[in-house]
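Coordinates as given in my_file_17.cif (mmCIF, C-alpha atoms):
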```
data_target
#
loop_
_atom_site.group_PDB
_atom_site.id
_atom_site.type_symbol
_atom_site.label_atom_id
_atom_site.label_comp_id
_atom_site.auth_asym_id
_atom_site.auth_seq_id
_atom_site.Cartn_x
_atom_site.Cartn_y
_atom_site.Cartn_z
ATOM 1 C CA MET A 14 6.000 -4.470 -3.484
ATOM 2 C CA HIS A 15 2.851 -2.736 -4.749
ATOM 3 C CA LEU A 16 2.079 -1.101 -8.067
ATOM 4 C CA GLU A 17 1.386 2.154 -6.212
ATOM 5 C CA THR A 18 4.917 2.102 -4.812
ATOM 6 C CA LEU A 19 6.381 1.506 -8.259
ATOM 7 C CA ARG A 20 4.270 4.348 -9.648
ATOM 8 C CA LEU A 21 5.497 6.601 -6.838
ATOM 9 C CA TYR A 22 9.113 5.691 -7.594
ATOM 10 C CA CYS A 23 8.610 6.450 -11.288
ATOM 11 C CA ASP A 24 7.076 9.819 -10.457
ATOM 12 C CA VAL A 25 9.921 10.724 -8.091
ATOM 13 C CA VAL A 26 12.445 9.910 -10.823
ATOM 14 C CA ARG A 27 10.424 11.563 -13.596
ATOM 15 C CA HIS A 28 9.992 14.796 -11.621
ATOM 16 C CA ARG A 29 13.540 14.557 -10.186
ATOM 17 C CA SER A 30 12.002 15.435 -6.830
ATOM 18 C CA PHE A 31 10.735 13.502 -3.832
ATOM 19 C CA SER A 32 8.318 16.284 -2.934
ATOM 20 C CA ARG A 33 6.846 16.636 -6.446
ATOM 21 C CA GLY A 34 6.629 12.861 -6.889
ATOM 22 C CA ALA A 35 4.937 12.618 -3.510
ATOM 23 C CA GLN A 36 2.523 15.423 -4.325
ATOM 24 C CA HIS A 37 1.579 13.723 -7.594
ATOM 25 C CA ASN A 38 0.696 10.583 -5.589
ATOM 26 C CA PHE A 39 -1.025 12.387 -2.710
ATOM 27 C CA VAL A 40 1.494 11.310 -0.067
ATOM 28 C CA SER A 41 3.989 13.224 2.053
ATOM 29 C CA GLN A 42 7.594 13.768 1.012
ATOM 30 C CA SER A 43 8.618 11.634 3.973
ATOM 31 C CA ALA A 44 6.380 8.768 2.831
ATOM 32 C CA ALA A 45 7.872 8.957 -0.662
ATOM 33 C CA SER A 46 11.404 8.858 0.724
ATOM 34 C CA GLN A 47 10.566 5.892 2.950
ATOM 35 C CA ALA A 48 8.912 4.042 0.054
ATOM 36 C CA VAL A 49 12.037 4.453 -2.086
ATOM 37 C CA GLN A 50 14.220 3.285 0.800
ATOM 38 C CA GLN A 51 12.049 0.172 1.146
ATOM 39 C CA LEU A 52 12.333 -0.476 -2.599
ATOM 40 C CA GLU A 53 16.112 -0.148 -2.340
ATOM 41 C CA ALA A 54 16.126 -2.700 0.469
ATOM 42 C CA GLN A 55 13.927 -5.072 -1.518
ATOM 43 C CA VAL A 56 16.001 -4.895 -4.707
ATOM 44 C CA GLY A 57 19.292 -4.798 -2.817
ATOM 45 C CA ALA A 58 20.675 -1.764 -4.626
ATOM 46 C CA SER A 59 20.848 1.985 -4.254
ATOM 47 C CA LEU A 60 18.380 3.457 -6.754
ATOM 48 C CA ILE A 61 18.951 7.139 -5.979
ATOM 49 C CA ASP A 62 22.151 8.911 -4.927
ATOM 50 C CA ARG A 63 20.919 11.343 -2.294
ATOM 51 C CA THR A 64 24.384 12.824 -1.647
ATOM 52 C CA LYS A 65 24.022 15.143 -4.628
ATOM 53 C CA ARG A 66 21.582 18.054 -4.972
ATOM 54 C CA PRO A 67 19.457 17.559 -6.901
ATOM 55 C CA PHE A 68 19.632 13.793 -6.395
ATOM 56 C CA VAL A 69 20.998 11.554 -9.133
ATOM 57 C CA VAL A 70 19.445 8.296 -10.267
ATOM 58 C CA THR A 71 22.018 5.499 -10.130
ATOM 59 C CA PRO A 72 22.531 3.203 -13.132
ATOM 60 C CA GLU A 73 20.632 0.492 -11.216
ATOM 61 C CA GLY A 74 17.920 3.022 -10.438
ATOM 62 C CA GLN A 75 17.610 3.967 -14.112
ATOM 63 C CA ALA A 76 17.300 0.315 -15.174
ATOM 64 C CA PHE A 77 14.713 -0.249 -12.431
ATOM 65 C CA TYR A 78 12.826 2.886 -13.510
ATOM 66 C CA GLU A 79 12.627 1.702 -17.112
ATOM 67 C CA ALA A 80 11.464 -1.760 -16.044
ATOM 68 C CA CYS A 81 8.832 -0.228 -13.755
ATOM 69 C CA ARG A 82 7.542 2.026 -16.546
ATOM 70 C CA GLU A 83 7.097 -0.982 -18.829
ATOM 71 C CA LEU A 84 5.385 -2.952 -16.083
ATOM 72 C CA LEU A 85 2.993 -0.084 -15.339
ATOM 73 C CA LYS A 86 2.220 0.369 -19.051
ATOM 74 C CA SER A 87 1.455 -3.341 -19.353
ATOM 75 C CA TRP A 88 -0.761 -3.212 -16.284
ATOM 76 C CA GLU A 89 -2.695 -0.269 -17.685
ATOM 77 C CA LYS A 90 -3.195 -2.063 -21.023
ATOM 78 C CA ALA A 91 -4.363 -5.204 -19.243
ATOM 79 C CA THR A 92 -6.914 -3.353 -17.130
ATOM 80 C CA VAL A 93 -8.399 -1.074 -19.785
ATOM 81 C CA LYS A 94 -12.128 -1.570 -20.116
ATOM 82 C CA VAL A 95 -13.184 -1.885 -23.739
#
```

Show the structure stored in the file as C-alpha cells.
Amino acid sequence: MHLETLRLYCDVVRHRSFSRGAQHNFVSQSAASQAVQQLEAQVGASLIDRTKRPFVVTPEGQAFYEACRELLKSWEKATVKV
C-alpha cells in the first residue's frame, strides 16, 4: 500500500467520483477503480458500494477514509521543510 494510493482513494471519496479523483491524481479512471479494488482486497472489506449511482461509501469505507486523511495529514506535517 502506497501513500499515493491512499491519496487517490481519499480524492475519489472526496469528489464522489472515480473520474474526478483520477483526474486530480493524473491517472485514468480505470487505474483509480483498480487501485480502490486492490485496497479493498488488502483491507478485506468493501469500501465503496458501486451498485448505486452515484456510488456510496460504505461504513467501512468512511472509517478507512477518515483514517487515511489523518495519516496523510501526519505525513505532510512530518515532511514539511522548515

Excluding Ala58 of chain A and any residue of its chain fewer than 3 positions from it, enumerate the residues within 12 Å of it, using all atoms listed in the file, and give them as a VMD selection string. chain A and resid 49 to 55 61 to 62 70 to 77

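The space separating atom CA of Ala91 of chain A from atom CA of Ala48 of chain A comes to 25.2 Å.
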
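Contact shell of Val25 of chain A at 10 Å (all atoms listed in the file; same-chain neighbours under 2 positions omitted): A:Leu19, A:Arg20, A:Leu21, A:Tyr22, A:Cys23, A:Arg27, A:His28, A:Arg29, A:Ser30, A:Phe31, A:Ser32, A:Arg33, A:Gly34, A:Ala35, A:Gln36, A:His37, A:Asn38, A:Gln42, A:Ala45, A:Ser46, A:Val49, A:Ile61, A:Tyr78.
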
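Atom CA of Asp24 of chain A is found 16.3 Å from atom CA of Trp88 of chain A.
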
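Going from atom CA of Arg63 of chain A to atom CA of Ser43 of chain A covers 13.8 Å.
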
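Using only C-alpha atoms, the nearest neighbour of Thr18 of chain A within the list A:Leu85, A:Lys65, A:Gly57, A:Val93 is A:Leu85.
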
Go through A:Phe68, A:Glu17, A:Leu60, A:Glu89 and flag the residue nearest Val40 of chain A, using only C-alpha atoms for the distances. A:Glu17

Given 4 Å of margin on each side, can you work out the centre and size in Å (one decimal) of an axis-aligned box holding every listed atom of segment 45-49 of chain A, as JSON?
```
{"center_x": 10.0, "center_y": 6.5, "center_z": 0.4, "size_x": 12.2, "size_y": 12.9, "size_z": 13.0}
```
